[in-house]
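Single-structure report; data block below.
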Amino acid sequence: MESVQFRDIPEAGIDRALSLSYLVFHENPEDEKRKHHHDLLRGCTRIGAYDNDELVGFVAAFPFTVSVPGGELPCPCLTFVSVAPTHRRRGVLSGMLAELFARASADGAPIAALWASEDAIYGRFGFGPATHGHTVEVDSRRPLALRIAPDERPLRLVDPSEAPGVLGEYYDRTRADRAGRIARSEAWWREEWLVEEDEEDDELSPPRVVVLGDPGDADAPDGSAAGYAIYRTRTRDDAPGLVRLDELEADTPAVAAALWRYLASIDLTGLIRAWGRPVDDPLHLFSADRDQVRVTGEFPALWVRLIDVRGALEARSWAAPVDVVLDVRDDRLPANEGRHRLTASPEGCTYERTEDPADLTLDVRDLAACYLGGTKIDALIRAGLATEHTPGTAAALDAALHTALLPHTVDEF
């Protein structure tokens with residue numbers, strides 16, 4: 001480790017960094033995908049681990065903004081995390097993340113985030129799974145059975161080339177409704193959501209975009225949309241045609257019902273598969289036949305790291321008053337360690353070091369999992385991951401951390 005140094009990867013070194021990443025992840029993308037990755041990395045923070053002049057580690061971070069309860073925060077979002085197979089278990093990853101955390105702290109970003117390729121790795125560095133997603137399948141060989149009446153306003157198909165303007169307005173207006181969602185640029189819409197050919201399945205159609213609400217619709221707050229769905233289709237001779245739903249957003253359950261009904265009625269298809277739906281998706285309640293609508297999987301999605309616990313807690317909103325002393329363990333960032341009094345209410349929050357005895361002891365990774373409102377403190381206690389010293393602390397803290405909607409993100413990076 002003594003011979004390894006950590007420094008910026010210049011733009012001229014991006015191709016070298018990508019080659020390391022492709023080696024580590026056993027990939028050999030075509031030229032178009034390589035160019036896409038190169039373009040993405042030009043806008044990222046890029047930290048390299050160099051053993052003399054050899055690049056042996058690489059981590060990049062998108063300079064994203066992420067919604068948190070009551071607001072949003074700058075949040076470096078890690079990607080392309082790679083360590084050369086010759087340098088594993090030599091502290092390379094620890095050194096790169098320490099460098100990134102230090103830079104984030106200096107830049108005033110109290111949190112960082114990633115999607116974990118290997119869950120077991122990132123908990124050791126203080127990341128906790130802050131959002132979860134469901135994989136949902138709908139049998140659409142028959143009409144979708146619903147318990148509520150769908151919104152009967154008209155649906156329209158939008159050309160993907162024009163979609164960022166329509167969907168971007170809607171997404172920006174509603175993004176704060178759920179924590180964990182990144183701010184999307186027009187380039188992100190075009191290059192990540194509306195790219196012509198799907199990189200994982202070239203048999204899928206180009207993206208299709210359906211919007212509920214006429215332009216100028218007085219019932220749509222932005223004058224254009226009350227909800228939308230992005231999907232792709234695939235037909236085969238030996239199986240029901242597939243509708244792969246990438247994203248569905250709706251102002252009301254009735255709008256959501258109308259969009260689901262539309263997807264289930266597409267000719268020559270018999271199955272909707274939706275990856276990354278919210279755990280509290282209202283479809284689970286308003287569908288009339290749970291044999292027709294099935295959750296086939298659940299997975300941790302966005303992992304959050306509290307780089308500055310005080311800054312993160314004081315930046316979010318609180319649903320109820322709470323006054324507790326937290327004893328937080330953080331062996332990576334000692335400034336977060338120890339006992340602090342959290343005093344919070346809907347009016348604001350303070351988090352100050354104290355010598356008072358702790359009401360609750362927990363690891364920083366578990367506090368991160370609870371930060372956006374997606375994990376309950378009480379669940380941590382029941383799992384043996386946190387210790388409640390003062391009865392009632394977990395209930396009070398859970399009430400204060402509560403959000404009307406569970407955190408959710410489907411932007412993988």
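Residues in the structure tokens are numbered from 1 in each chain, the chains being A, B, ... in the order shown, and ligands are numbered from 1 in the order shown.
Within 12 Å of Leu23 in chain A, once only C-alpha atoms are used and residues closer than 2 positions along the same chain are dropped, the contacting residues are Arg16, Ala17, Leu18, Ser19, Leu20, Ser21, Phe25, His26, Glu27, Asn28, Pro29, Val56, Gly57, Phe58, Phe80, Val81, Ser82, Val83, Ala84, Pro85 and Thr86 of chain A.
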Could those residues be written to a file, using C-alpha atoms, as a tab-separated table (two decimals), in the first residue's frame?
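Written file, result.tsv:
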```
chain	number	residue	atom	x	y	z
A	16	ARG	CA	-6.90	3.68	-19.60
A	17	ALA	CA	-9.34	3.77	-16.68
A	18	LEU	CA	-12.09	2.22	-18.78
A	19	SER	CA	-9.78	-0.60	-19.84
A	20	LEU	CA	-9.18	-1.39	-16.16
A	21	SER	CA	-12.92	-1.33	-15.46
A	25	PHE	CA	-16.07	-6.52	-14.78
A	26	HIS	CA	-15.25	-8.95	-17.61
A	27	GLU	CA	-16.72	-6.68	-20.28
A	28	ASN	CA	-15.81	-5.99	-23.89
A	29	PRO	CA	-18.29	-3.35	-25.06
A	56	VAL	CA	-4.36	-0.25	-10.34
A	57	GLY	CA	-7.61	1.27	-9.08
A	58	PHE	CA	-10.30	3.59	-10.33
A	80	PHE	CA	-16.93	2.28	-12.25
A	81	VAL	CA	-15.43	1.19	-8.91
A	82	SER	CA	-12.53	-1.04	-10.00
A	83	VAL	CA	-9.43	-2.59	-8.45
A	84	ALA	CA	-6.91	-4.52	-10.55
A	85	PRO	CA	-6.89	-8.25	-9.71
A	86	THR	CA	-3.16	-7.94	-8.92
```
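The residue set within 7 Å of Met96 in chain A, counting only C-alpha atoms and dropping same-chain residues fewer than 4 places from it, reads Phe6, Ile47, Ala49, Val59, Val92 and Leu100 of chain A.
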Quick one: residues within 12 Å of Gly311 in chain A, only C-alpha atoms counted, chain neighbours fewer than 4 positions away excluded, as number ranges by chain? A: 73-74, 105, 108-111, 306-307, 315-316, 335-336, 342, 349-352, 371
Using backbone DSSP assignments, extract all strand (DSSP E) residues from range 14-83 of chain A; output them as a PyMOL selection string. chain A and resi 45-51+54-68+71-83
Shell of 8 Å around Gly348 in chain A, only C-alpha atoms, local chain residues under 6 positions omitted, as a PyMOL selection string: chain A and resi 314+317-318
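You can rank A:Pro10, A:Gly373, A:Pro76, A:Pro300 by their closest distance to Gly133 in chain A using only C-alpha atoms, and at the top of that list sits A:Pro300.
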For range 154-209 of chain A against range 112-121 of chain A, with a cut-off of 12 Å and counting only C-alpha atoms, what is the closest atom pair and its distance in Å to one decimal for every residue that makes the cut, ordered by chain and number, as CSV?
```
residue,atom,partner,partner_atom,distance
A:Gly180,CA,A:Ala113,CA,9.5
A:Arg181,CA,A:Ala113,CA,11.2
A:Ile182,CA,A:Ala113,CA,10.7
```
Residues from last step as file, C-alpha atoms, as a PDB file, in the first residue's frame:
```pdb
ATOM      1  CA  GLY A 180     -33.624   9.236  -3.293  1.00  0.00           C
ATOM      2  CA  ARG A 181     -34.288  10.599  -6.794  1.00  0.00           C
ATOM      3  CA  ILE A 182     -31.560  12.307  -8.802  1.00  0.00           C
TER       4      ILE A 182
END
```
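For Gly165 in chain A, the set of protein, DNA and RNA residues having any atom at most 12 Å away, when counting only C-alpha atoms and skipping those fewer than 2 positions along the same chain, is Val158, Asp159, Pro160, Ser161, Glu162, Ala163, Leu167, Gly168, Glu169, Tyr170, Tyr171, Asp172, Arg184, Ser185, Glu186, Ala187, Trp189, Arg190, Asp222, Ser224 and Ala225 of chain A.
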Within range 188-347 of chain A, find each residue whose DSSP state, derived from the backbone, is helix (DSSP H, G or I), and express the selection as a PyMOL selection string. chain A and resi 188-193+253-264+283-286+309-315+334-336
Got a sec: who's within 12 Å of Val325 in chain A, counting only C-alpha atoms, leaving out chain neighbours fewer than 3 positions off, as a ChimeraX atom specification? /A:322,328,338-344,350-362,388-390,393-394,396-397
Env of Leu380 in chain A: 10 Å cut, atoms = only C-alpha atoms, seq-sep filter 3 positions within chain, self excluded. Answer as a compact mmCIF listing (two decimals) with all heavy atoms, in the first residue's frame.
```txt
# COMPACT_ATOMS: atom_id res chain seq x y z
N LEU A 362 -25.97 2.61 17.31
CA LEU A 362 -26.07 1.97 15.99
C LEU A 362 -24.87 2.34 15.13
O LEU A 362 -24.16 3.30 15.41
CB LEU A 362 -27.37 2.34 15.29
CG LEU A 362 -27.54 3.72 14.63
CD1 LEU A 362 -28.84 3.76 13.83
CD2 LEU A 362 -27.50 4.85 15.64
N ASP A 366 -26.22 1.70 9.27
CA ASP A 366 -27.63 1.48 9.57
C ASP A 366 -28.39 2.79 9.71
O ASP A 366 -29.56 2.89 9.31
CB ASP A 366 -27.77 0.63 10.83
CG ASP A 366 -27.13 -0.74 10.65
OD1 ASP A 366 -27.42 -1.39 9.63
OD2 ASP A 366 -26.32 -1.14 11.50
N LEU A 367 -27.71 3.82 10.22
CA LEU A 367 -28.33 5.14 10.24
C LEU A 367 -28.54 5.62 8.80
O LEU A 367 -29.56 6.24 8.49
CB LEU A 367 -27.44 6.12 11.00
CG LEU A 367 -27.98 7.54 11.18
CD1 LEU A 367 -29.34 7.53 11.89
CD2 LEU A 367 -26.98 8.41 11.92
N ALA A 369 -29.16 3.72 6.20
CA ALA A 369 -30.30 2.99 5.66
C ALA A 369 -31.63 3.61 6.08
O ALA A 369 -32.62 3.54 5.35
CB ALA A 369 -30.24 1.53 6.10
N CYS A 370 -31.63 4.25 7.26
CA CYS A 370 -32.86 4.87 7.77
C CYS A 370 -33.01 6.32 7.32
O CYS A 370 -34.10 6.89 7.45
CB CYS A 370 -32.85 4.85 9.30
SG CYS A 370 -32.79 3.20 10.03
N THR A 375 -36.07 2.54 5.99
CA THR A 375 -35.84 1.47 6.95
C THR A 375 -36.21 1.96 8.33
O THR A 375 -35.93 3.11 8.69
CB THR A 375 -34.36 1.03 6.93
OG1 THR A 375 -34.03 0.54 5.63
CG2 THR A 375 -34.08 -0.06 7.95
N LYS A 376 -36.83 1.11 9.12
CA LYS A 376 -37.26 1.47 10.46
C LYS A 376 -36.16 1.17 11.49
O LYS A 376 -35.52 0.12 11.44
CB LYS A 376 -38.53 0.70 10.85
CG LYS A 376 -39.74 0.99 9.96
CD LYS A 376 -40.24 2.40 10.15
CE LYS A 376 -41.54 2.62 9.42
NZ LYS A 376 -42.01 4.03 9.51
N ILE A 377 -35.98 2.10 12.43
CA ILE A 377 -35.07 1.86 13.54
C ILE A 377 -35.51 0.62 14.32
O ILE A 377 -34.69 -0.20 14.73
CB ILE A 377 -35.01 3.08 14.47
CG1 ILE A 377 -34.49 4.32 13.73
CG2 ILE A 377 -34.17 2.78 15.71
CD1 ILE A 377 -33.04 4.27 13.36
N ALA A 383 -33.51 -6.88 14.55
CA ALA A 383 -32.50 -7.68 13.86
C ALA A 383 -31.18 -7.75 14.62
O ALA A 383 -30.24 -8.41 14.16
CB ALA A 383 -32.25 -7.08 12.47
N GLY A 384 -31.10 -7.08 15.77
CA GLY A 384 -29.88 -7.10 16.56
C GLY A 384 -28.79 -6.17 16.03
O GLY A 384 -27.63 -6.28 16.42
N LEU A 385 -29.17 -5.23 15.17
CA LEU A 385 -28.19 -4.32 14.56
C LEU A 385 -28.10 -2.97 15.27
O LEU A 385 -27.22 -2.17 14.96
CB LEU A 385 -28.55 -4.10 13.09
CG LEU A 385 -28.52 -5.34 12.21
CD1 LEU A 385 -29.00 -5.02 10.80
CD2 LEU A 385 -27.11 -5.94 12.17
N ALA A 386 -29.00 -2.71 16.18
CA ALA A 386 -28.98 -1.48 16.98
C ALA A 386 -29.44 -1.84 18.38
O ALA A 386 -30.17 -2.82 18.59
CB ALA A 386 -29.88 -0.41 16.37
N THR A 387 -29.02 -1.03 19.34
CA THR A 387 -29.36 -1.28 20.74
C THR A 387 -30.13 -0.09 21.30
O THR A 387 -29.62 1.04 21.29
CB THR A 387 -28.10 -1.52 21.59
OG1 THR A 387 -27.37 -2.62 21.05
CG2 THR A 387 -28.47 -1.82 23.04
N GLU A 388 -31.32 -0.34 21.78
CA GLU A 388 -32.15 0.70 22.39
C GLU A 388 -31.90 0.68 23.90
O GLU A 388 -32.26 -0.28 24.58
CB GLU A 388 -33.63 0.46 22.08
CG GLU A 388 -34.55 1.55 22.60
CD GLU A 388 -36.01 1.26 22.29
OE1 GLU A 388 -36.46 0.14 22.62
OE2 GLU A 388 -36.69 2.13 21.72
N ALA A 394 -36.80 4.11 19.75
CA ALA A 394 -36.99 3.68 18.37
C ALA A 394 -38.31 4.19 17.81
O ALA A 394 -38.38 4.69 16.68
CB ALA A 394 -36.92 2.16 18.27
```
Closest-contact table, range 286-349 of chain A side, partner range 248-261 of chain A, 12 Å, counting only C-alpha atoms, as JSON lines:
```
{"residue": "A:Phe286", "atom": "CA", "partner": "A:Ala257", "partner_atom": "CA", "distance": 8.0}
{"residue": "A:Ser287", "atom": "CA", "partner": "A:Ala257", "partner_atom": "CA", "distance": 8.6}
{"residue": "A:Ala288", "atom": "CA", "partner": "A:Ala257", "partner_atom": "CA", "distance": 11.4}
{"residue": "A:Val293", "atom": "CA", "partner": "A:Trp260", "partner_atom": "CA", "distance": 10.9}
```
Go ahead and save the picked residues with C-alpha atoms, as a PDB file, in the first residue's frame.
```pdb
ATOM      1  CA  PHE A 286     -55.846  -1.336  -6.497  1.00  0.00           C
ATOM      2  CA  SER A 287     -55.287  -4.447  -8.628  1.00  0.00           C
ATOM      3  CA  ALA A 288     -58.268  -6.743  -8.127  1.00  0.00           C
ATOM      4  CA  VAL A 293     -50.172  -8.904 -10.544  1.00  0.00           C
TER       5      VAL A 293
END
```
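Counting only C-alpha atoms and comparing A:Cys75, A:Asp214, A:Pro240, A:Leu40, the residue that lies closest to Ile14 in chain A is A:Leu40.
For the pair CA of Asp378 in chain A and CA of Glu72 in chain A, the separation is 25.8 Å.
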